[in-house]
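Q: Just final-v9.cif, nothing more (mmCIF, C-alpha atoms):
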```cif
data_start
#
loop_
_atom_site.label_atom_id
_atom_site.label_comp_id
_atom_site.auth_asym_id
_atom_site.auth_seq_id
_atom_site.Cartn_x
_atom_site.Cartn_y
_atom_site.Cartn_z
CA MET E 1 -9.30 34.17 9.63
CA GLY E 2 -9.72 32.90 6.07
CA ASN E 3 -7.44 30.63 4.09
CA SER E 4 -4.87 32.33 1.92
CA VAL E 5 -4.75 31.01 -1.62
CA ASP E 6 -1.70 31.05 -3.83
CA LYS E 7 -3.36 32.72 -6.83
CA LYS E 8 -1.22 30.96 -9.42
CA SER E 9 -1.44 27.32 -8.24
CA GLY E 10 -4.62 27.50 -6.19
CA VAL E 11 -2.77 25.82 -3.33
CA ILE E 12 -4.14 26.57 0.13
CA PHE E 13 -2.28 24.01 2.23
CA ARG E 14 0.42 21.41 1.78
CA LYS E 15 1.93 19.09 4.38
CA THR E 16 3.86 15.81 4.40
CA ALA E 17 4.80 13.44 7.20
CA SER E 18 6.04 9.88 7.67
CA PHE E 19 4.65 7.36 10.11
CA PRO E 20 5.85 3.89 11.19
CA ALA E 21 3.97 1.16 9.29
CA LYS E 22 2.21 -0.03 12.45
CA PHE E 23 -1.50 -0.22 13.27
CA SER E 24 -0.88 2.02 16.28
CA SER E 25 -0.04 4.83 13.78
CA LEU E 26 -3.58 4.86 12.33
CA LYS E 27 -4.99 7.25 14.92
CA GLU E 28 -2.07 9.67 14.46
CA ILE E 29 -2.34 9.54 10.66
CA GLY E 30 -6.04 10.38 11.05
CA GLN E 31 -5.18 13.40 13.19
CA PHE E 32 -2.63 14.53 10.61
CA VAL E 33 -5.10 14.26 7.72
CA ARG E 34 -7.82 15.93 9.78
CA LYS E 35 -5.79 19.17 9.72
CA ALA E 36 -5.85 19.20 5.92
CA ILE E 37 -9.56 18.34 5.87
CA ARG E 38 -10.18 21.32 8.13
CA LYS E 39 -8.27 23.57 5.71
CA ALA E 40 -10.39 22.18 2.88
CA GLN E 41 -13.51 23.09 4.89
CA LEU E 42 -15.30 19.83 4.15
CA SER E 43 -18.53 18.90 5.93
CA GLU E 44 -18.60 16.65 8.98
CA GLY E 45 -19.99 13.77 6.91
CA THR E 46 -17.31 14.10 4.24
CA THR E 47 -14.64 14.38 6.94
CA TYR E 48 -15.69 11.01 8.34
CA LYS E 49 -15.61 9.42 4.89
CA VAL E 50 -12.18 10.79 3.96
CA LEU E 51 -10.74 9.69 7.32
CA LEU E 52 -12.22 6.22 6.82
CA ALA E 53 -10.74 5.98 3.29
CA VAL E 54 -7.28 7.00 4.55
CA ASP E 55 -7.51 4.56 7.46
CA GLU E 56 -8.47 1.68 5.13
CA ALA E 57 -5.69 2.57 2.67
CA CYS E 58 -3.05 2.69 5.44
CA SER E 59 -4.33 -0.59 6.94
CA ASN E 60 -3.94 -2.19 3.49
CA ILE E 61 -0.38 -0.87 3.16
CA ILE E 62 0.58 -2.36 6.53
CA GLU E 63 -1.28 -5.63 5.98
CA HIS E 64 -0.67 -6.28 2.28
CA ALA E 65 2.22 -4.12 0.99
CA TYR E 66 4.44 -4.74 4.05
CA GLY E 67 2.85 -8.10 4.94
CA GLY E 68 2.17 -7.00 8.53
CA GLU E 69 3.51 -4.38 10.91
CA SER E 70 6.96 -3.27 9.83
CA ASP E 71 9.82 -0.91 10.62
CA GLU E 72 9.28 0.75 7.25
CA ASP E 73 7.32 3.95 6.83
CA ILE E 74 4.07 5.18 5.38
CA ASN E 75 4.54 8.62 3.89
CA CYS E 76 1.43 10.77 3.81
CA SER E 77 1.11 14.05 1.99
CA CYS E 78 -1.94 16.26 1.91
CA LEU E 79 -2.59 19.01 -0.57
CA VAL E 80 -5.54 21.35 -0.41
CA THR E 81 -6.32 23.51 -3.42
CA ASP E 82 -9.26 25.78 -4.09
CA LYS E 83 -10.95 22.84 -5.83
CA ASP E 84 -9.99 19.67 -3.99
CA LEU E 85 -8.19 17.74 -1.29
CA VAL E 86 -5.48 15.37 -2.56
CA ILE E 87 -4.03 12.73 -0.25
CA GLN E 88 -1.02 10.70 -1.34
CA LEU E 89 0.21 7.63 0.50
CA ARG E 90 3.63 6.18 -0.35
CA ASP E 91 5.20 2.93 0.76
CA HIS E 92 8.12 0.72 -0.22
CA GLY E 93 6.47 -2.65 0.27
CA GLY E 94 5.12 -5.11 -2.26
CA SER E 95 2.65 -3.98 -4.86
CA PHE E 96 -0.96 -4.05 -3.65
CA ASN E 97 -3.10 -2.72 -6.43
CA PRO E 98 -6.64 -1.96 -5.21
CA ASP E 99 -7.86 -2.34 -8.81
CA THR E 100 -7.25 -6.09 -8.53
CA ILE E 101 -9.52 -6.46 -5.49
CA PRO E 102 -13.05 -7.50 -6.46
CA SER E 103 -16.02 -5.72 -4.88
CA PRO E 104 -17.60 -7.71 -2.07
CA ASP E 105 -20.94 -9.42 -2.67
CA LEU E 106 -23.12 -7.25 -0.45
CA LYS E 107 -26.21 -9.40 -0.89
CA SER E 108 -24.92 -12.77 0.25
CA THR E 109 -26.20 -14.48 3.41
CA ILE E 110 -24.23 -14.25 6.63
CA GLU E 111 -22.78 -17.76 6.21
CA HIS E 112 -21.35 -16.87 2.83
CA ARG E 113 -20.34 -13.29 3.50
CA ALA E 114 -16.71 -12.80 2.49
CA ARG E 115 -14.50 -11.09 5.06
CA GLY E 116 -12.28 -9.17 2.67
CA GLY E 117 -12.59 -6.46 0.06
CA LEU E 118 -14.61 -4.03 2.16
CA GLY E 119 -11.74 -1.62 2.79
CA VAL E 120 -11.03 -1.05 -0.90
CA PHE E 121 -14.77 -0.83 -1.55
CA PHE E 122 -15.08 1.96 1.05
CA ILE E 123 -12.13 3.86 -0.47
CA ARG E 124 -13.80 3.75 -3.89
CA GLN E 125 -17.17 4.80 -2.51
CA PHE E 126 -15.84 7.69 -0.44
CA MET E 127 -13.21 9.26 -2.72
CA ASP E 128 -13.80 10.88 -6.12
CA GLU E 129 -10.60 9.61 -7.68
CA VAL E 130 -8.30 6.76 -6.67
CA ILE E 131 -5.08 6.25 -8.62
CA TYR E 132 -2.53 3.56 -7.81
CA LYS E 133 1.01 3.46 -9.13
CA SER E 134 3.69 0.93 -8.32
CA ILE E 135 7.09 1.97 -9.63
CA PRO E 136 10.07 -0.42 -9.67
CA ALA E 137 13.28 1.26 -8.57
CA ASN E 138 15.10 0.44 -11.82
CA SER E 139 12.97 2.98 -13.61
CA ARG E 140 14.11 5.63 -11.17
CA SER E 141 17.81 5.57 -10.45
CA GLY E 142 19.49 6.32 -7.15
CA GLN E 143 16.80 4.90 -4.86
CA LYS E 144 17.50 2.85 -1.77
CA TYR E 145 14.26 0.89 -2.18
CA ASP E 146 13.23 -1.74 -4.71
CA ARG E 147 9.84 -0.25 -5.29
CA GLU E 148 7.71 2.75 -4.56
CA ASN E 149 3.92 2.45 -4.37
CA ILE E 150 1.87 5.62 -4.58
CA LEU E 151 -1.84 5.76 -3.84
CA THR E 152 -3.42 9.09 -4.75
CA MET E 153 -6.92 9.83 -3.48
CA VAL E 154 -8.83 12.95 -4.44
CA LYS E 155 -11.91 14.45 -2.80
CA ARG E 156 -13.44 17.32 -4.71
CA LYS E 157 -14.93 20.19 -2.74
CA GLU E 158 -17.66 20.90 -5.25
CA GLY E 159 -20.79 18.80 -4.85
CA GLU E 160 -19.40 16.99 -1.81
CA ARG E 161 -21.85 14.65 -0.12
CA MET T 1 -11.04 1.88 22.45
CA ASP T 2 -12.44 0.47 25.68
CA VAL T 3 -14.63 -2.57 26.21
CA THR T 4 -16.78 -3.09 29.31
CA LYS T 5 -18.69 -6.32 29.81
CA SER T 6 -21.64 -7.05 32.06
CA GLN T 7 -23.71 -10.20 32.46
CA TYR T 8 -27.47 -10.43 32.51
CA LYS T 9 -29.78 -13.39 32.95
CA ARG T 10 -30.45 -13.98 29.26
CA CYS T 11 -27.66 -12.04 27.57
CA ASP T 12 -24.28 -10.38 27.90
CA LEU T 13 -23.90 -6.65 27.40
CA VAL T 14 -20.72 -5.31 25.85
CA LYS T 15 -20.16 -1.56 25.85
CA VAL T 16 -17.59 -0.34 23.36
CA THR T 17 -16.21 3.22 23.35
CA GLY T 18 -13.78 5.04 21.04
CA ARG T 19 -12.17 3.96 17.77
CA ILE T 20 -12.52 0.48 16.29
CA ASP T 21 -9.72 0.26 13.68
CA SER T 22 -7.11 -2.32 12.66
CA PHE T 23 -5.18 -1.52 15.84
CA THR T 24 -8.05 -1.98 18.30
CA ALA T 25 -10.26 -4.53 16.47
CA PRO T 26 -8.24 -7.57 17.72
CA LYS T 27 -8.87 -6.44 21.31
CA LEU T 28 -12.62 -6.26 20.63
CA ALA T 29 -12.55 -9.68 18.95
CA GLU T 30 -10.81 -11.12 22.00
CA ALA T 31 -13.40 -9.67 24.39
CA LEU T 32 -16.29 -11.03 22.30
CA ASN T 33 -14.64 -14.44 21.83
CA GLU T 34 -14.27 -14.79 25.60
CA ILE T 35 -18.05 -14.63 25.85
CA THR T 36 -18.84 -17.00 22.98
CA ASN T 37 -16.09 -19.41 24.08
CA ALA T 38 -17.93 -19.62 27.40
CA GLY T 39 -20.95 -20.90 25.48
CA LYS T 40 -22.92 -17.65 25.61
CA TYR T 41 -24.40 -16.52 22.32
CA ASN T 42 -26.89 -13.76 23.17
CA LEU T 43 -25.02 -10.48 22.98
CA ALA T 44 -26.07 -6.85 23.08
CA ILE T 45 -23.31 -4.51 21.93
CA ASP T 46 -23.76 -0.94 23.13
CA MET T 47 -22.24 1.30 20.45
CA ASN T 48 -23.52 4.68 21.68
CA GLU T 49 -19.98 5.91 22.34
CA VAL T 50 -18.19 4.38 19.36
CA GLU T 51 -16.53 7.23 17.44
CA TYR T 52 -15.40 5.32 14.43
CA ILE T 53 -15.42 1.86 12.86
CA SER T 54 -13.34 0.64 9.91
CA SER T 55 -13.72 -2.54 7.87
CA ALA T 56 -11.52 -4.31 10.44
CA GLY T 57 -14.18 -3.57 13.06
CA LEU T 58 -16.99 -4.62 10.73
CA ARG T 59 -15.22 -7.95 10.20
CA VAL T 60 -15.21 -8.52 13.97
CA MET T 61 -18.95 -7.79 14.05
CA ILE T 62 -19.75 -10.19 11.23
CA ASP T 63 -17.55 -12.92 12.73
CA VAL T 64 -19.23 -12.75 16.13
CA GLN T 65 -22.69 -12.65 14.53
CA LYS T 66 -21.83 -15.79 12.51
CA THR T 67 -20.68 -17.55 15.68
CA CYS T 68 -23.78 -16.54 17.63
CA LYS T 69 -26.34 -17.30 14.92
CA HIS T 70 -24.82 -20.70 14.17
CA LEU T 71 -27.37 -23.49 14.91
CA ASN T 72 -29.84 -20.76 15.90
CA ARG T 73 -28.26 -20.63 19.32
CA GLY T 74 -28.33 -16.87 19.70
CA GLU T 75 -27.68 -13.50 18.09
CA VAL T 76 -25.90 -10.19 18.36
CA VAL T 77 -28.04 -7.07 18.77
CA LEU T 78 -26.44 -3.70 18.08
CA VAL T 79 -27.61 -0.85 20.31
CA GLY T 80 -27.40 2.92 19.83
CA VAL T 81 -25.35 2.83 16.65
CA PRO T 82 -24.36 6.45 15.78
CA LYS T 83 -25.50 7.82 12.40
CA ARG T 84 -22.09 7.79 10.62
CA ILE T 85 -21.40 4.27 11.79
CA PHE T 86 -24.84 3.06 10.76
CA GLU T 87 -24.15 4.49 7.29
CA THR T 88 -21.01 2.35 7.12
CA PHE T 89 -23.07 -0.74 8.04
CA GLU T 90 -25.55 0.22 5.31
CA LEU T 91 -22.85 0.64 2.68
CA ALA T 92 -21.34 -2.72 3.62
CA GLY T 93 -24.77 -4.35 3.24
CA PHE T 94 -24.67 -5.42 6.90
CA VAL T 95 -27.99 -3.91 7.98
CA PRO T 96 -30.10 -7.02 7.18
CA LEU T 97 -27.66 -9.17 9.16
CA PHE T 98 -28.23 -7.48 12.53
CA ARG T 99 -31.06 -6.34 14.74
CA PHE T 100 -30.56 -2.64 15.61
CA MET T 101 -32.09 -1.12 18.73
CA ASP T 102 -31.98 2.35 20.27
CA ASP T 103 -32.28 1.54 23.92
CA VAL T 104 -29.91 -0.60 26.00
CA THR T 105 -32.55 -1.68 28.55
CA ALA T 106 -34.99 -2.64 25.80
CA ALA T 107 -32.25 -4.60 24.04
CA ILE T 108 -31.42 -6.57 27.19
CA ALA T 109 -35.13 -7.26 27.74
CA SER T 110 -35.53 -8.43 24.13
CA PHE T 111 -33.69 -11.71 24.67
#
```
Would it be possible to restate this file's structure as structure tokens?
A:
Amino acid sequence: MGNSVDKKSGVIFRKTASFPAKFSSLKEIGQFVRKAIRKAQLSEGTTYKVLLAVDEACSNIIEHAYGGESDEDINCSCLVTDKDLVIQLRDHGGSFNPDTIPSPDLKSTIEHRARGGLGVFFIRQFMDEVIYKSIPANSRSGQKYDRENILTMVKRKEGER
Amino acid sequence: MDVTKSQYKRCDLVKVTGRIDSFTAPKLAEALNEITNAGKYNLAIDMNEVEYISSAGLRVMIDVQKTCKHLNRGEVVLVGVPKRIFETFELAGFVPLFRFMDDVTAAIASF
């Protein structure tokens, strides 16, 4: 059974779900994203990398945007087109812009090895495009939250490693 | 994730199975700290059945290695690290910081 493609948009699969912003959700989020990865027919190696990137991004949302486990949600939407897999993560916590996180020094000795920064580094290494947007509510009327943060990660099917 | 510990004459063996993520990493850290807090710094970690490790898990590994190598009192040896997970260690630049072995018995005998 092959995937049916909407000829006009190229969309093969689209699904959205919300999860509690708790570390215990990470496994479930992985299972949710895995369905989209399967539809995108990515290799086993790429599957591992995309799942790791999503896991790191969600961990950062819980840890940094929400400042720890919270009753708020992480909203995850997956879109598979004939060209790529697009994963969007939305939260309503504080702004945590991955662009502001410096790459870790991978050559330093064990005594001086920094503990942070690896998660964002993995996301950048594993995904083809990473776009972060933090939108204050006043620019979008009628919202019940102060802020919406949107992390968009794209994995292209062509030339996947 | 499950952690099983066994004691040997010259080292402690810790077998980890399943997912090491931000949810389970604290439990792994606790298990490893129990050993180092007891003054034992030679550790073999059997990773043959680890499915997945995120940066939270890597941080636990680097922390325990720092503790063990301090004052040259011991070290952590990683055993049977699956391919995908080894690639993550490589990308993080962690490969030079650990001794990797294929065989659990050989790892125990290496201390």
Q: Hey, what's within 7 Å of Val50 of chain T if we count all atoms listed in the file and toss same-chain stuff fewer than 5 positions away? As a tab-separated table (two decimals) with C-alpha atoms, in the frame of the given file, please?
A:
```
chain	number	residue	atom	x	y	z
T	16	VAL	CA	-17.59	-0.34	23.36
T	17	THR	CA	-16.21	3.22	23.35
T	18	GLY	CA	-13.78	5.04	21.04
T	19	ARG	CA	-12.17	3.96	17.77
```
Q: Tell me, as a short mmCIF file (atom, residue, chain, number, x, y, z; two decimals) with C-alpha atoms, keeping the file's coordinate frame, which residues lie within 12 Å of segment 88-96 of chain T, counting only C-alpha atoms; anything in the same chain fewer than 3 positions away does not count.
A:
```cif
data_model
loop_
_atom_site.label_atom_id
_atom_site.label_comp_id
_atom_site.auth_asym_id
_atom_site.auth_seq_id
_atom_site.Cartn_x
_atom_site.Cartn_y
_atom_site.Cartn_z
CA GLY E 45 -19.99 13.77 6.91
CA TYR E 48 -15.69 11.01 8.34
CA LYS E 49 -15.61 9.42 4.89
CA LEU E 52 -12.22 6.22 6.82
CA ALA E 53 -10.74 5.98 3.29
CA SER E 103 -16.02 -5.72 -4.88
CA PRO E 104 -17.60 -7.71 -2.07
CA ASP E 105 -20.94 -9.42 -2.67
CA LEU E 106 -23.12 -7.25 -0.45
CA LYS E 107 -26.21 -9.40 -0.89
CA SER E 108 -24.92 -12.77 0.25
CA THR E 109 -26.20 -14.48 3.41
CA ILE E 110 -24.23 -14.25 6.63
CA ARG E 113 -20.34 -13.29 3.50
CA ALA E 114 -16.71 -12.80 2.49
CA ARG E 115 -14.50 -11.09 5.06
CA GLY E 116 -12.28 -9.17 2.67
CA GLY E 117 -12.59 -6.46 0.06
CA LEU E 118 -14.61 -4.03 2.16
CA GLY E 119 -11.74 -1.62 2.79
CA VAL E 120 -11.03 -1.05 -0.90
CA PHE E 121 -14.77 -0.83 -1.55
CA PHE E 122 -15.08 1.96 1.05
CA ILE E 123 -12.13 3.86 -0.47
CA ARG E 124 -13.80 3.75 -3.89
CA GLN E 125 -17.17 4.80 -2.51
CA PHE E 126 -15.84 7.69 -0.44
CA TYR T 52 -15.40 5.32 14.43
CA ILE T 53 -15.42 1.86 12.86
CA SER T 54 -13.34 0.64 9.91
CA SER T 55 -13.72 -2.54 7.87
CA GLY T 57 -14.18 -3.57 13.06
CA LEU T 58 -16.99 -4.62 10.73
CA ARG T 59 -15.22 -7.95 10.20
CA MET T 61 -18.95 -7.79 14.05
CA ILE T 62 -19.75 -10.19 11.23
CA ASP T 63 -17.55 -12.92 12.73
CA GLN T 65 -22.69 -12.65 14.53
CA VAL T 77 -28.04 -7.07 18.77
CA LEU T 78 -26.44 -3.70 18.08
CA VAL T 81 -25.35 2.83 16.65
CA PRO T 82 -24.36 6.45 15.78
CA LYS T 83 -25.50 7.82 12.40
CA ARG T 84 -22.09 7.79 10.62
CA ILE T 85 -21.40 4.27 11.79
CA ARG T 99 -31.06 -6.34 14.74
CA PHE T 100 -30.56 -2.64 15.61
CA MET T 101 -32.09 -1.12 18.73
#
```
Q: Would you please work out which residue, of T:Asp21, T:Asp103, T:Phe86, T:Leu43, is nearest to chain E when using only C-alpha atoms?
A: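 Of T:Asp21, T:Asp103, T:Phe86, T:Leu43, the one nearest chain E is T:Asp21, counting only C-alpha atoms.
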Q: Using all atoms listed in the file, can you tell me which of E:Ile61, E:Val5, E:Leu51, E:Leu42 comes closest to Phe23 of chain E?
A: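 Of E:Ile61, E:Val5, E:Leu51, E:Leu42, the one nearest Phe23 of chain E is E:Ile61, counting all atoms listed in the file.
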Q: Just so the selection is clear, what residues does the PyMOL selection byres ((chain E and resi 72) around 7) cover here, as a ChimeraX atom specification?
A: /E:20-21,70-71,73
